[in-house]
Amino acid sequence: MKTKPALTLTDVNAILDAAQQEAEANGWGVTIAVADDGGHLLGLRRMDSAPPFSAEVAAQKARNAAIGRRETQAFEEMINGGRTAFVTAPMQSLLAGGVPVLVDGEVAGTVGISGVKPDQDVQIARAGVAAIG
């Protein structure tokens, strides 16, 4: 039987807190979503100045990072590089800002950020992931 890593509620809260701190330090209003390795939402935090639509987009970025087992930025780069077939994939958000939480090379969960520029979303997501090591 295989044992796999999983995020705890303590991990989820640490990710949400660190990501929010990164966003606030830069004056950005975003939504932060944390999902398990299957893309199921574990936590969602929409900052006061985040656009309403960002809640759905952040959750989808987290989901797609889990399903794809990689940063969603990779999918966006593939599409921008001419692999337009990815546009028809059943994933709803192939935009940068979804980042996996890796433990010993395995996806334990994911973070999705929406509300600012793609590179800023990624910066915030990575800050959240870094909070748990």
# chains A, B, ... in the order shown; residues from 1 in each chain; ligands from 1
>>> select_by_dssp(residues="chain A", states="alpha helix (DSSP H)", output="PyMOL selection string")
chain A and resi 9-25+54-68+72-80+118-130
>>> select_by_dssp(residues="chain A", states="strand (DSSP E or B)", output="short mmCIF file (atom, residue, chain, number, x, y, z; two decimals) with N, CA and C atoms, in the first residue's frame")
data_model
loop_
_atom_site.label_atom_id
_atom_site.label_comp_id
_atom_site.auth_asym_id
_atom_site.auth_seq_id
_atom_site.Cartn_x
_atom_site.Cartn_y
_atom_site.Cartn_z
N THR A 31 -7.80 36.67 -4.55
CA THR A 31 -8.41 35.52 -3.90
C THR A 31 -7.38 34.41 -3.87
N ILE A 32 -7.32 33.72 -2.74
CA ILE A 32 -6.37 32.63 -2.52
C ILE A 32 -7.19 31.36 -2.33
N ALA A 33 -6.88 30.34 -3.13
CA ALA A 33 -7.56 29.05 -3.00
C ALA A 33 -6.52 27.98 -2.71
N VAL A 34 -6.85 27.06 -1.83
CA VAL A 34 -5.99 25.92 -1.53
C VAL A 34 -6.83 24.66 -1.75
N ALA A 35 -6.25 23.71 -2.49
CA ALA A 35 -6.96 22.47 -2.80
C ALA A 35 -6.10 21.26 -2.43
N ASP A 36 -6.75 20.11 -2.34
CA ASP A 36 -6.01 18.87 -2.09
C ASP A 36 -5.42 18.37 -3.41
N LEU A 41 -11.44 21.77 -3.10
CA LEU A 41 -11.16 22.98 -2.33
C LEU A 41 -11.08 22.69 -0.83
N LEU A 42 -9.99 23.14 -0.21
CA LEU A 42 -9.79 23.01 1.24
C LEU A 42 -9.93 24.35 1.94
N GLY A 43 -9.63 25.42 1.23
CA GLY A 43 -9.72 26.75 1.82
C GLY A 43 -9.77 27.82 0.75
N LEU A 44 -10.51 28.88 1.03
CA LEU A 44 -10.64 30.00 0.08
C LEU A 44 -10.70 31.28 0.88
N ARG A 45 -9.90 32.25 0.46
CA ARG A 45 -9.91 33.56 1.13
C ARG A 45 -9.91 34.64 0.05
N ARG A 46 -10.99 35.44 0.03
CA ARG A 46 -11.06 36.57 -0.91
C ARG A 46 -10.82 37.84 -0.12
N GLY A 98 -1.63 28.93 -10.64
CA GLY A 98 -1.88 27.69 -9.93
C GLY A 98 -0.54 27.00 -9.69
N VAL A 99 -0.23 26.68 -8.43
CA VAL A 99 1.08 26.14 -8.08
C VAL A 99 0.89 24.92 -7.18
N PRO A 100 1.54 23.79 -7.52
CA PRO A 100 1.42 22.62 -6.65
C PRO A 100 2.28 22.74 -5.40
N VAL A 101 1.84 22.07 -4.34
CA VAL A 101 2.62 21.91 -3.12
C VAL A 101 3.23 20.52 -3.22
N LEU A 102 4.54 20.46 -3.39
CA LEU A 102 5.23 19.19 -3.58
C LEU A 102 5.90 18.74 -2.29
N VAL A 103 5.72 17.47 -1.96
CA VAL A 103 6.39 16.85 -0.82
C VAL A 103 7.06 15.59 -1.36
N GLU A 106 5.92 14.57 -4.76
CA GLU A 106 4.51 14.25 -4.96
C GLU A 106 3.64 15.45 -4.62
N VAL A 107 2.53 15.59 -5.35
CA VAL A 107 1.61 16.69 -5.10
C VAL A 107 0.78 16.39 -3.86
N ALA A 108 0.93 17.24 -2.84
CA ALA A 108 0.15 17.11 -1.61
C ALA A 108 -1.07 18.00 -1.64
N GLY A 109 -1.02 19.01 -2.50
CA GLY A 109 -2.11 19.97 -2.64
C GLY A 109 -1.68 21.05 -3.60
N THR A 110 -2.49 22.08 -3.73
CA THR A 110 -2.18 23.15 -4.66
C THR A 110 -2.70 24.48 -4.14
N VAL A 111 -2.15 25.56 -4.72
CA VAL A 111 -2.58 26.91 -4.40
C VAL A 111 -2.95 27.60 -5.70
N GLY A 112 -4.07 28.30 -5.71
CA GLY A 112 -4.48 29.09 -6.87
C GLY A 112 -4.71 30.52 -6.44
N ILE A 113 -4.20 31.46 -7.23
CA ILE A 113 -4.35 32.89 -6.94
C ILE A 113 -4.95 33.57 -8.15
N SER A 114 -5.87 34.51 -7.90
CA SER A 114 -6.43 35.31 -8.99
C SER A 114 -6.69 36.71 -8.47
#
>>> closest_residue(among="A:Ala74, A:Asp37, A:Phe53, A:Met47", to="Leu7 in chain A", atoms="only C-alpha atoms")
A:Asp37
